[in-house]
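Okay, query.txt is below, compact mmCIF, C-alpha atoms:
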```txt
# COMPACT_ATOMS: atom_id res chain seq x y z
CA MET A 1 -26.17 -37.87 -36.99
CA THR A 2 -29.41 -36.44 -38.33
CA ILE A 3 -30.56 -32.84 -38.50
CA THR A 4 -33.65 -31.21 -39.98
CA VAL A 5 -33.15 -28.31 -42.37
CA ILE A 6 -36.05 -25.98 -43.20
CA TYR A 7 -35.39 -23.79 -46.23
CA GLY A 8 -38.30 -21.83 -47.66
CA ASN A 9 -41.26 -24.19 -47.93
CA GLU A 10 -39.05 -27.28 -47.91
CA LYS A 11 -38.22 -29.36 -44.87
CA GLN A 12 -35.63 -32.09 -45.24
CA THR A 13 -33.79 -34.53 -43.04
CA VAL A 14 -30.04 -34.40 -43.58
CA GLU A 15 -27.50 -37.04 -42.52
CA ILE A 16 -24.17 -35.53 -41.51
CA GLN A 17 -20.83 -37.14 -40.63
CA GLY A 18 -18.77 -35.90 -37.67
CA ASN A 19 -18.48 -32.26 -36.67
CA MET A 20 -19.88 -30.06 -39.38
CA THR A 21 -20.57 -26.36 -39.11
CA ILE A 22 -23.87 -24.97 -40.34
CA LYS A 23 -21.97 -23.27 -43.15
CA GLU A 24 -20.53 -26.62 -44.25
CA VAL A 25 -24.01 -28.16 -44.18
CA MET A 26 -25.31 -25.28 -46.30
CA ASP A 27 -22.38 -25.65 -48.72
CA THR A 28 -23.36 -29.28 -49.32
CA MET A 29 -26.91 -28.06 -50.08
CA ASP A 30 -25.61 -25.32 -52.39
CA ILE A 31 -27.02 -22.52 -50.21
CA SER A 32 -24.93 -19.33 -50.08
CA SER A 33 -24.40 -18.29 -46.47
CA GLN A 34 -24.11 -14.68 -47.66
CA THR A 35 -27.78 -14.51 -48.50
CA VAL A 36 -29.36 -16.17 -45.49
CA VAL A 37 -29.87 -15.84 -41.74
CA VAL A 38 -29.89 -19.12 -39.81
CA LYS A 39 -31.82 -20.12 -36.73
CA LYS A 40 -30.89 -23.26 -34.79
CA ASN A 41 -33.65 -24.59 -32.58
CA ASN A 42 -35.40 -21.23 -32.96
CA GLU A 43 -32.41 -19.05 -31.93
CA ILE A 44 -30.31 -17.01 -34.38
CA VAL A 45 -26.85 -18.54 -34.75
CA MET A 46 -23.62 -17.86 -36.64
CA GLU A 47 -22.77 -20.09 -39.56
CA GLU A 48 -19.64 -21.26 -37.72
CA GLU A 49 -21.84 -23.01 -35.14
CA ILE A 50 -21.53 -26.82 -35.10
CA ALA A 51 -24.65 -28.75 -36.08
CA GLU A 52 -25.66 -31.33 -33.47
CA ASP A 53 -27.80 -34.44 -33.65
CA GLY A 54 -31.52 -33.60 -33.65
CA ASP A 55 -31.00 -29.89 -34.44
CA ILE A 56 -33.70 -28.08 -36.35
CA ILE A 57 -31.97 -25.62 -38.64
CA GLU A 58 -34.14 -22.92 -40.21
CA VAL A 59 -32.48 -21.17 -43.12
CA ILE A 60 -34.17 -17.84 -43.94
CA ARG A 61 -33.34 -16.41 -47.32
CA VAL A 62 -33.04 -12.67 -46.81
CA ILE A 63 -31.16 -11.46 -49.88
CA TYR A 64 -32.01 -12.06 -53.51
CA GLY A 65 -29.96 -11.29 -56.55
CA GLY A 66 -26.81 -12.39 -54.77
CA MET B 1 -18.52 -21.43 -26.96
CA LYS B 2 -17.77 -18.03 -28.49
CA LYS B 3 -18.53 -14.97 -26.37
CA CYS B 4 -19.64 -11.47 -27.29
CA THR B 5 -16.52 -9.34 -27.73
CA LYS B 6 -18.42 -6.36 -26.27
CA CYS B 7 -20.10 -7.74 -23.14
CA GLY B 8 -18.85 -11.33 -22.82
CA ALA B 9 -22.37 -12.83 -23.06
CA THR B 10 -23.45 -15.96 -24.91
CA PRO B 11 -24.96 -16.93 -27.28
CA VAL B 12 -23.64 -14.80 -30.10
CA ILE B 13 -25.37 -14.13 -33.41
CA ILE B 14 -22.82 -12.47 -35.68
CA HIS B 15 -19.15 -12.58 -36.54
CA ARG B 16 -18.29 -9.42 -38.45
CA LYS B 17 -15.46 -10.62 -40.64
CA ALA B 18 -14.60 -7.07 -41.67
CA SER B 19 -13.87 -5.96 -38.08
CA GLY B 20 -13.44 -9.25 -36.19
CA GLN B 21 -16.27 -8.33 -33.78
CA ILE B 22 -18.45 -11.13 -32.43
CA LEU B 23 -21.72 -9.92 -30.91
CA CYS B 24 -24.68 -11.19 -28.94
CA LYS B 25 -28.18 -10.16 -29.97
CA GLU B 26 -28.46 -7.20 -27.61
CA CYS B 27 -25.01 -5.77 -28.46
CA PHE B 28 -25.66 -6.27 -32.18
CA ILE B 29 -28.96 -4.34 -32.06
CA GLU B 30 -27.32 -1.60 -30.00
CA SER B 31 -24.32 -1.35 -32.33
CA ILE B 32 -26.51 -1.07 -35.43
CA THR B 33 -28.81 1.52 -33.88
CA ASP B 34 -25.80 3.57 -32.70
CA LYS B 35 -24.17 3.37 -36.11
CA VAL B 36 -27.32 4.53 -37.91
CA LEU B 37 -27.98 7.39 -35.47
CA LYS B 38 -24.31 8.48 -35.59
CA GLY B 39 -24.46 8.44 -39.39
CA ILE B 40 -27.61 10.59 -39.28
CA ARG B 41 -25.83 13.13 -37.06
CA ARG B 42 -22.51 13.05 -38.97
CA ASN B 43 -24.16 13.56 -42.33
CA LYS B 44 -26.76 16.00 -40.92
CA LEU B 45 -29.54 13.89 -42.45
CA ILE B 46 -32.18 15.02 -39.97
CA GLU B 47 -32.72 18.20 -38.01
CA LYS B 48 -34.93 18.69 -34.99
CA GLY B 49 -38.45 19.50 -36.16
CA ASP B 50 -38.16 17.67 -39.49
CA LYS B 51 -41.25 15.91 -40.79
CA VAL B 52 -39.89 12.66 -42.22
CA ALA B 53 -41.75 10.49 -44.73
CA VAL B 54 -40.48 6.90 -44.77
CA ALA B 55 -40.85 5.21 -48.15
CA LEU B 56 -42.20 1.99 -46.66
CA SER B 57 -42.37 -1.10 -48.88
CA GLY B 58 -42.75 -3.63 -46.08
CA GLY B 59 -39.32 -5.11 -46.86
CA LYS B 60 -36.58 -5.40 -44.25
CA ASP B 61 -34.79 -2.18 -45.20
CA SER B 62 -37.69 0.27 -45.02
CA VAL B 63 -39.17 -1.39 -41.92
CA MET B 64 -35.78 -1.03 -40.20
CA VAL B 65 -35.62 2.67 -41.16
CA LEU B 66 -39.10 3.14 -39.71
CA ASP B 67 -38.12 1.29 -36.52
CA ILE B 68 -35.02 3.40 -35.91
CA LEU B 69 -36.56 6.75 -36.89
CA ASN B 70 -39.49 5.94 -34.62
CA SER B 71 -37.06 6.29 -31.68
CA LEU B 72 -36.55 9.94 -32.75
CA TYR B 73 -40.32 10.37 -33.18
CA GLU B 74 -41.00 8.99 -29.70
CA ARG B 75 -38.54 11.52 -28.26
CA ASN B 76 -40.39 14.33 -30.11
CA ILE B 77 -37.31 15.14 -32.18
CA ILE B 78 -39.09 14.59 -35.50
CA ASP B 79 -42.56 14.06 -36.93
CA LEU B 80 -42.87 10.78 -38.83
CA PHE B 81 -45.24 9.11 -41.29
CA ALA B 82 -45.09 6.44 -43.99
CA ILE B 83 -45.81 6.27 -47.72
CA THR B 84 -46.34 2.92 -49.46
CA ILE B 85 -46.55 2.48 -53.20
CA ASP B 86 -48.49 -0.42 -54.66
CA GLU B 87 -46.70 -0.99 -57.95
CA GLY B 88 -49.19 -3.63 -59.07
CA ILE B 89 -47.03 -6.77 -59.02
CA GLU B 90 -49.34 -9.73 -58.55
CA GLY B 91 -48.32 -12.30 -55.97
CA TYR B 92 -45.63 -10.03 -54.54
CA ARG B 93 -46.78 -6.55 -53.68
CA GLU B 94 -50.01 -7.43 -51.82
CA HIS B 95 -47.99 -9.03 -49.04
CA GLY B 96 -45.64 -6.03 -48.79
CA VAL B 97 -48.51 -3.56 -48.53
CA GLU B 98 -50.15 -5.67 -45.84
CA ILE B 99 -46.91 -5.75 -43.81
CA ALA B 100 -46.39 -2.01 -44.31
CA VAL B 101 -49.88 -1.33 -42.94
CA LYS B 102 -49.20 -3.53 -39.90
CA ASN B 103 -45.94 -1.72 -39.13
CA ALA B 104 -47.40 1.78 -39.47
CA ASN B 105 -50.42 0.79 -37.35
CA LYS B 106 -48.23 -0.81 -34.68
CA LEU B 107 -46.37 2.45 -34.23
CA GLY B 108 -49.52 4.58 -34.54
CA LEU B 109 -48.16 6.49 -37.54
CA ASP B 110 -50.06 8.16 -40.38
CA HIS B 111 -49.75 6.09 -43.55
CA ARG B 112 -50.54 6.98 -47.17
CA ILE B 113 -50.90 4.15 -49.67
CA ALA B 114 -50.96 4.95 -53.38
CA SER B 115 -50.87 2.81 -56.49
CA ILE B 116 -49.11 3.29 -59.82
CA LYS B 117 -52.40 2.32 -61.50
CA ASP B 118 -54.31 5.12 -59.75
CA TYR B 119 -51.84 7.75 -60.88
CA PHE B 120 -50.71 6.39 -64.25
CA GLY B 121 -53.54 4.11 -65.40
CA LYS B 122 -51.74 0.76 -65.44
CA THR B 123 -50.17 -1.65 -63.00
CA LEU B 124 -46.50 -2.55 -63.47
CA ASP B 125 -47.62 -6.04 -64.56
CA GLU B 126 -49.85 -4.51 -67.25
CA ILE B 127 -47.02 -2.27 -68.45
CA MET B 128 -44.67 -5.25 -68.68
CA THR B 129 -47.07 -7.38 -70.73
CA ASP B 130 -47.32 -4.66 -73.38
CA ASP B 131 -45.04 -5.55 -76.31
CA CYS B 132 -44.52 -1.87 -77.09
CA ARG B 133 -42.83 -1.10 -73.79
CA GLU B 134 -39.44 0.56 -74.23
CA HIS B 135 -37.82 -0.01 -70.83
CA GLY B 136 -37.25 -2.62 -68.15
CA ALA B 137 -39.59 -2.95 -65.16
CA CYS B 138 -37.15 -1.26 -62.75
CA THR B 139 -37.05 1.89 -64.92
CA TYR B 140 -40.85 2.31 -65.01
CA CYS B 141 -41.18 1.36 -61.37
CA GLY B 142 -38.43 3.76 -60.23
CA VAL B 143 -39.70 6.74 -62.22
CA PHE B 144 -43.37 6.31 -61.21
CA ARG B 145 -42.57 5.47 -57.60
CA ARG B 146 -40.29 8.50 -57.13
CA TRP B 147 -42.90 10.79 -58.75
CA ILE B 148 -45.71 9.58 -56.44
CA ILE B 149 -43.59 9.59 -53.27
CA ASN B 150 -42.33 13.10 -53.96
CA LYS B 151 -45.84 14.38 -54.66
CA ILE B 152 -47.33 12.83 -51.51
CA ALA B 153 -44.40 13.97 -49.39
CA ARG B 154 -44.99 17.53 -50.55
CA GLU B 155 -48.76 17.30 -50.00
CA GLU B 156 -48.12 16.15 -46.44
CA GLY B 157 -45.53 18.84 -45.74
CA ALA B 158 -42.61 16.42 -45.37
CA THR B 159 -39.17 18.00 -45.14
CA LYS B 160 -37.30 14.70 -45.72
CA ILE B 161 -37.99 11.40 -47.46
CA ALA B 162 -36.12 8.49 -45.84
CA THR B 163 -35.40 5.44 -47.98
CA GLY B 164 -34.03 2.02 -47.04
CA HIS B 165 -30.94 1.99 -49.29
CA ASN B 166 -28.25 -0.11 -47.60
CA LEU B 167 -24.50 -0.54 -48.14
CA ASP B 168 -25.02 -3.22 -50.81
CA ASP B 169 -27.44 -0.97 -52.75
CA GLU B 170 -25.08 1.95 -52.56
CA THR B 171 -21.97 0.04 -53.71
CA GLN B 172 -24.02 -1.49 -56.53
CA ALA B 173 -25.05 2.01 -57.64
CA ILE B 174 -21.46 3.25 -57.54
CA LEU B 175 -20.13 0.31 -59.55
CA MET B 176 -23.07 0.21 -61.99
CA ASN B 177 -22.81 3.88 -62.86
CA TYR B 178 -19.04 3.68 -63.16
CA LEU B 179 -19.17 0.61 -65.40
CA GLU B 180 -21.82 2.23 -67.61
CA GLY B 181 -19.99 5.55 -67.72
CA ASN B 182 -22.89 7.44 -66.11
CA ILE B 183 -20.68 10.00 -64.44
CA ASP B 184 -23.55 12.45 -64.04
CA ASN B 185 -25.43 9.84 -61.99
CA LEU B 186 -22.29 9.22 -59.91
CA THR B 187 -22.24 12.87 -58.83
CA ARG B 188 -25.70 12.40 -57.31
CA ILE B 189 -24.94 9.34 -55.16
CA GLY B 190 -24.77 10.21 -51.48
CA ALA B 191 -26.37 10.05 -48.05
CA LYS B 192 -28.52 13.12 -48.73
CA SER B 193 -29.88 14.44 -52.01
CA GLU B 194 -29.28 18.02 -53.14
CA PRO B 195 -32.46 18.81 -55.09
CA LYS B 196 -32.33 21.22 -58.00
CA SER B 197 -35.91 22.31 -57.37
CA ASP B 198 -37.64 23.23 -54.12
CA LYS B 199 -40.53 21.01 -55.28
CA PHE B 200 -38.28 17.99 -54.74
CA THR B 201 -38.18 16.91 -51.10
CA VAL B 202 -34.68 16.10 -49.77
CA LYS B 203 -34.05 12.34 -49.71
CA ILE B 204 -31.95 10.68 -47.03
CA LYS B 205 -30.46 7.18 -46.71
CA PRO B 206 -29.98 6.35 -43.01
CA LEU B 207 -28.88 2.74 -43.72
CA ARG B 208 -26.26 3.63 -46.30
CA GLU B 209 -23.38 2.19 -44.24
CA ILE B 210 -25.18 -0.95 -43.05
CA PRO B 211 -24.57 -4.18 -45.03
CA GLU B 212 -27.77 -5.76 -46.36
CA LYS B 213 -27.23 -8.95 -44.40
CA GLU B 214 -26.98 -6.97 -41.14
CA VAL B 215 -30.22 -5.17 -42.02
CA ALA B 216 -31.89 -8.57 -42.32
CA LEU B 217 -30.28 -9.79 -39.11
CA TYR B 218 -31.50 -6.66 -37.30
CA ALA B 219 -35.06 -7.22 -38.58
CA ILE B 220 -35.04 -10.83 -37.38
CA ALA B 221 -33.29 -10.09 -34.07
CA ARG B 222 -35.78 -7.28 -33.34
CA GLU B 223 -38.61 -9.58 -34.45
CA LEU B 224 -39.90 -6.94 -36.86
CA ASP B 225 -42.73 -7.86 -39.17
CA VAL B 226 -41.10 -7.80 -42.61
CA HIS B 227 -41.35 -9.69 -45.87
CA PHE B 228 -38.30 -11.25 -47.51
CA ASP B 229 -39.95 -12.04 -50.84
CA GLU B 230 -38.09 -11.45 -54.07
CA CYS B 231 -39.47 -8.95 -56.58
CA PRO B 232 -40.14 -11.04 -59.70
CA TYR B 233 -38.63 -8.33 -61.89
CA SER B 234 -35.35 -7.91 -59.96
CA ARG B 235 -33.52 -10.69 -61.80
CA GLU B 236 -33.85 -8.86 -65.11
CA SER B 237 -31.79 -5.94 -63.95
CA PHE B 238 -28.14 -5.04 -64.50
CA ARG B 239 -28.12 -4.07 -60.81
CA GLY B 240 -28.77 -7.73 -59.96
CA GLU B 241 -25.75 -8.85 -62.00
CA VAL B 242 -23.50 -6.25 -60.38
CA GLY B 243 -24.86 -7.23 -56.95
CA ARG B 244 -23.93 -10.89 -57.50
CA PHE B 245 -20.45 -9.87 -58.61
CA ILE B 246 -19.79 -7.74 -55.51
CA LYS B 247 -21.13 -10.45 -53.19
CA GLU B 248 -18.78 -12.99 -54.77
CA LEU B 249 -15.86 -10.62 -54.21
CA SER B 250 -16.94 -10.08 -50.60
CA VAL B 251 -16.43 -13.77 -49.75
CA ASN B 252 -12.64 -13.40 -49.82
CA HIS B 253 -12.57 -9.62 -49.31
CA PRO B 254 -15.08 -8.86 -46.52
CA THR B 255 -14.26 -5.14 -46.41
CA ILE B 256 -14.76 -4.55 -50.13
CA MET B 257 -18.16 -2.81 -49.87
CA PHE B 258 -17.03 -0.51 -47.06
CA SER B 259 -13.88 0.46 -48.98
CA THR B 260 -15.84 1.00 -52.21
CA LEU B 261 -18.19 3.40 -50.40
CA LYS B 262 -15.43 5.15 -48.44
CA GLY B 263 -13.26 5.59 -51.51
CA PHE B 264 -16.19 6.91 -53.50
CA ASP B 265 -17.15 9.42 -50.82
CA LYS B 266 -13.55 10.71 -50.83
CA ILE B 267 -13.39 11.12 -54.59
CA LYS B 268 -16.95 12.44 -55.04
CA PRO B 269 -16.16 16.14 -54.46
CA ALA B 270 -13.56 15.93 -57.26
CA ILE B 271 -16.01 14.18 -59.60
CA LYS B 272 -18.67 16.77 -58.81
CA LYS B 273 -16.28 19.64 -59.41
CA GLU B 274 -15.10 18.20 -62.70
CA PHE B 275 -18.32 16.78 -64.14
CA SER B 276 -21.34 18.64 -62.83
CA GLY B 277 -20.58 21.67 -64.97
CA LYS B 278 -23.63 21.36 -67.17
CA LYS B 279 -26.39 23.17 -65.31
CA VAL B 280 -29.76 21.73 -66.23
CA LYS B 281 -32.56 24.25 -65.89
CA ILE B 282 -35.42 22.76 -63.94
CA GLY B 283 -38.82 23.98 -65.04
CA MET B 284 -42.32 22.66 -64.63
CA CYS B 285 -43.92 19.74 -66.48
CA ILE B 286 -46.66 21.14 -68.73
CA ASN B 287 -48.84 18.14 -67.96
CA CYS B 288 -48.59 17.60 -64.18
CA GLY B 289 -46.79 20.66 -62.85
CA GLU B 290 -44.05 18.61 -61.21
CA PRO B 291 -40.40 19.63 -61.69
CA ALA B 292 -39.03 18.72 -65.12
CA SER B 293 -35.98 19.47 -67.22
CA HIS B 294 -38.00 19.19 -70.46
CA GLU B 295 -41.58 20.06 -71.42
CA LEU B 296 -42.81 16.82 -69.89
CA CYS B 297 -41.40 15.15 -66.79
CA ARG B 298 -40.21 11.57 -67.27
CA ALA B 299 -43.26 10.12 -65.49
CA CYS B 300 -45.69 11.93 -67.83
CA LEU B 301 -43.61 10.97 -70.85
CA PHE B 302 -43.75 7.29 -69.82
CA SER B 303 -47.44 7.59 -68.90
CA LYS B 304 -48.36 8.93 -72.33
CA LYS B 305 -46.42 6.15 -74.05
CA ILE B 306 -47.84 3.28 -72.01
CA ASN B 307 -51.37 4.63 -72.43
CA ASN B 308 -50.87 5.25 -76.19
CA GLU B 309 -51.65 8.94 -75.83
CA GLU B 310 -49.04 10.14 -78.30
```
Give the structure from this file in structure tokens form.
Amino acid sequence: MTITVIYGNEKQTVEIQGNMTIKEVMDTMDISSQTVVVKKNNEIVMEEEIAEDGDIIEVIRVIYGG
Amino acid sequence: MKKCTKCGATPVIIHRKASGQILCKECFIESITDKVLKGIRRNKLIEKGDKVAVALSGGKDSVMVLDILNSLYERNIIDLFAITIDEGIEGYREHGVEIAVKNANKLGLDHRIASIKDYFGKTLDEIMTDDCREHGACTYCGVFRRWIINKIAREEGATKIATGHNLDDETQAILMNYLEGNIDNLTRIGAKSEPKSDKFTVKIKPLREIPEKEVALYAIARELDVHFDECPYSRESFRGEVGRFIKELSVNHPTIMFSTLKGFDKIKPAIKKEFSGKKVKIGMCINCGEPASHELCRACLFSKKINNEE
């Protein structure tokens, strides 16, 4: 399963195995879910949401120093 | 699929771990707005007829304050305008000022923009490249910014200055001052300032009980024009270290910031009673005429040093 993750100016294609939540995807990328707001296919979602094949996940860093 | 615990709608955008609430976009925006307005009433932050100056940086916090207070302005409960300070931080502040202008214009509000360089002769970047500087960037920035905002607020006849301090900021301030033993500073933390001089305009913090992440979520859900850039000087500060520590604690203890604030507010009257005994006489700065507890106010003292006027 492949998803696209946009974080800041970087856009990367991420291969994931089975059912992974967005938080789990972010953990593998070392992104703290406490400091970001996530949009999935342009809609705000909770980090518990399951990532699905073809999803475009935009991770917006909103808090610094944390 | 999870449903909003308030209205049953999908999709949902937040799971508040501290309360268990799961909310859709509309219920989240409504709950935040209600909470802020209730806090304003409970703490008597604003009275009908107030002229409120919002210290508007263009960041999520101050833009959210402007957005919510604008609802009171539209109902003719208050008069409202914005003040933006250009600290002179290259590659960071220009964007914030631009966003601040857009927000004030969108709402049709008066907007004063002032720079640290205009008032004190140097940008923050210039101050920080001087080897003789005696303080960190946040100290200069805070002192100069507060001086300018207070002066402009008074010139414009403001009765309140609203700032964007959120729950994270407030718990950081409580912990920082406690850890450093600044008990005098602790006595001054609160939703509303109690100025020692009538030349200081009362400052209010409408977002004091709103977690920083929810402020950001509100800004994005409301599609407000904000900037999320990081101030290049923020990493240097002790506040940043304390902030990281509290956020780490919050992962396993999601109510920790709320309880820190609540506990502090309960104990504050006792701290004030015990430790605010030393009455500092507030006079007038011999240089600028602003309130000061010594011959020179702190802003003039710093200004003289950075401009080698001593």
Determine, for each residue of chain A having at least one atom at most 12 Å from an atom of chain B, the closest pair of atoms and their separation in Å to one decimal, counting only C-alpha atoms; order by chain and ascending number, as JSON lines.
```
{"residue": "A:Gly8", "atom": "CA", "partner": "B:Asp229", "partner_atom": "CA", "distance": 10.4}
{"residue": "A:Ser32", "atom": "CA", "partner": "B:Glu248", "partner_atom": "CA", "distance": 10.0}
{"residue": "A:Ser33", "atom": "CA", "partner": "B:Val251", "partner_atom": "CA", "distance": 9.7}
{"residue": "A:Gln34", "atom": "CA", "partner": "B:Lys213", "partner_atom": "CA", "distance": 7.3}
{"residue": "A:Thr35", "atom": "CA", "partner": "B:Lys213", "partner_atom": "CA", "distance": 6.9}
{"residue": "A:Val36", "atom": "CA", "partner": "B:Lys213", "partner_atom": "CA", "distance": 7.6}
{"residue": "A:Val37", "atom": "CA", "partner": "B:Leu217", "partner_atom": "CA", "distance": 6.6}
{"residue": "A:Val38", "atom": "CA", "partner": "B:Ile13", "partner_atom": "CA", "distance": 9.3}
{"residue": "A:Lys39", "atom": "CA", "partner": "B:Ile13", "partner_atom": "CA", "distance": 9.4}
{"residue": "A:Lys40", "atom": "CA", "partner": "B:Ile13", "partner_atom": "CA", "distance": 10.8}
{"residue": "A:Asn42", "atom": "CA", "partner": "B:Ile220", "partner_atom": "CA", "distance": 11.3}
{"residue": "A:Glu43", "atom": "CA", "partner": "B:Ile13", "partner_atom": "CA", "distance": 8.7}
{"residue": "A:Ile44", "atom": "CA", "partner": "B:Ile13", "partner_atom": "CA", "distance": 5.8}
{"residue": "A:Val45", "atom": "CA", "partner": "B:Ile13", "partner_atom": "CA", "distance": 4.8}
{"residue": "A:Met46", "atom": "CA", "partner": "B:Ile13", "partner_atom": "CA", "distance": 5.2}
{"residue": "A:Glu47", "atom": "CA", "partner": "B:Ile14", "partner_atom": "CA", "distance": 8.6}
{"residue": "A:Glu48", "atom": "CA", "partner": "B:His15", "partner_atom": "CA", "distance": 8.8}
{"residue": "A:Glu49", "atom": "CA", "partner": "B:Met1", "partner_atom": "CA", "distance": 9.0}
{"residue": "A:Ile50", "atom": "CA", "partner": "B:Met1", "partner_atom": "CA", "distance": 10.2}
{"residue": "A:Ile60", "atom": "CA", "partner": "B:Phe228", "partner_atom": "CA", "distance": 8.6}
{"residue": "A:Arg61", "atom": "CA", "partner": "B:Phe228", "partner_atom": "CA", "distance": 7.2}
{"residue": "A:Val62", "atom": "CA", "partner": "B:Phe228", "partner_atom": "CA", "distance": 5.5}
{"residue": "A:Ile63", "atom": "CA", "partner": "B:Lys213", "partner_atom": "CA", "distance": 7.2}
{"residue": "A:Tyr64", "atom": "CA", "partner": "B:Glu230", "partner_atom": "CA", "distance": 6.1}
{"residue": "A:Gly65", "atom": "CA", "partner": "B:Gly240", "partner_atom": "CA", "distance": 5.1}
{"residue": "A:Gly66", "atom": "CA", "partner": "B:Arg244", "partner_atom": "CA", "distance": 4.2}
```
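Here the question is which of B:His253, B:Leu179, B:Pro269, B:Glu290 gets nearest to Ser197 in chain B using all atoms listed in the file, and that residue is B:Glu290.
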Non-local contacts of Lys203 in chain B (7 Å; only C-alpha atoms; under 6 positions in same chain excluded) as JSON, numbers by chain: {"B": [160, 161, 162, 192, 193]}
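Going from CA of Ser276 in chain B to CA of Lys44 in chain B covers 22.7 Å.
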Distance criterion (all atoms listed in the file): nearest to Leu109 in chain B out of B:Glu309, B:Glu74, B:Glu180, B:Glu126: B:Glu74
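Across the model, the gap from CA of Ile204 in chain B to CA of Val54 in chain B is 9.6 Å.
Closest approach to Thr28 in chain A among A:Asn41, A:Val14, A:Thr4, A:Asp55: A:Val14, based on only C-alpha atoms.
Distance-wise, CA of Asn70 in chain B and CA of Leu107 in chain B end up 7.7 Å apart.
Closest approach to Gln17 in chain A among A:Met29, A:Val5, A:Val59, A:Ala51: A:Ala51, based on all atoms listed in the file.
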Surrounding residues of range 9-13 of chain A excluding itself and chain neighbours under 3 positions, 10 Å, all atoms listed in the file, as an MDAnalysis selection string: chainID A and resid 2:6 16 54 56:58
Residues near range 255-267 of chain B, cut-off 9 Å, all atoms listed in the file, skip fewer than 4 positions along chain, as a PyMOL selection string: chain B and resi 17-19+167-168+170-172+174-175+189-190+209+211+246-247+249-250+271-272
Since the input is missing atoms for range 238-252 of chain B, could you rebuild it with N, CA and C atoms and give the result as a short mmCIF file (atom, residue, chain, number, x, y, z; two decimals), in the frame of the given file?
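Below is the file that was written, rebuild_15.cif:
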```cif
data_model
loop_
_atom_site.label_atom_id
_atom_site.label_comp_id
_atom_site.auth_asym_id
_atom_site.auth_seq_id
_atom_site.Cartn_x
_atom_site.Cartn_y
_atom_site.Cartn_z
N PHE B 238 -29.60 -5.10 -64.51
CA PHE B 238 -28.14 -5.04 -64.50
C PHE B 238 -27.65 -4.92 -63.06
N ARG B 239 -28.46 -4.21 -62.23
CA ARG B 239 -28.12 -4.07 -60.81
C ARG B 239 -27.95 -5.45 -60.17
N GLY B 240 -28.84 -6.38 -60.51
CA GLY B 240 -28.77 -7.73 -59.96
C GLY B 240 -27.45 -8.41 -60.32
N GLU B 241 -27.02 -8.25 -61.56
CA GLU B 241 -25.75 -8.85 -62.00
C GLU B 241 -24.58 -8.25 -61.23
N VAL B 242 -24.59 -6.92 -61.10
CA VAL B 242 -23.50 -6.25 -60.38
C VAL B 242 -23.51 -6.68 -58.91
N GLY B 243 -24.73 -6.81 -58.35
CA GLY B 243 -24.86 -7.23 -56.95
C GLY B 243 -24.24 -8.60 -56.72
N ARG B 244 -24.49 -9.53 -57.64
CA ARG B 244 -23.93 -10.89 -57.50
C ARG B 244 -22.41 -10.84 -57.57
N PHE B 245 -21.89 -10.01 -58.44
CA PHE B 245 -20.45 -9.87 -58.61
C PHE B 245 -19.79 -9.36 -57.32
N ILE B 246 -20.38 -8.31 -56.73
CA ILE B 246 -19.79 -7.74 -55.51
C ILE B 246 -19.88 -8.74 -54.35
N LYS B 247 -20.99 -9.46 -54.28
CA LYS B 247 -21.13 -10.45 -53.19
C LYS B 247 -20.08 -11.55 -53.33
N GLU B 248 -19.82 -11.96 -54.55
CA GLU B 248 -18.78 -12.99 -54.77
C GLU B 248 -17.42 -12.47 -54.30
N LEU B 249 -17.13 -11.22 -54.63
CA LEU B 249 -15.86 -10.62 -54.21
C LEU B 249 -15.77 -10.55 -52.69
N SER B 250 -16.91 -10.27 -52.05
CA SER B 250 -16.94 -10.08 -50.60
C SER B 250 -16.59 -11.35 -49.82
N VAL B 251 -16.74 -12.51 -50.46
CA VAL B 251 -16.43 -13.77 -49.75
C VAL B 251 -14.97 -13.76 -49.29
N ASN B 252 -14.06 -13.43 -50.19
CA ASN B 252 -12.64 -13.40 -49.82
C ASN B 252 -12.15 -12.02 -49.41
#
```
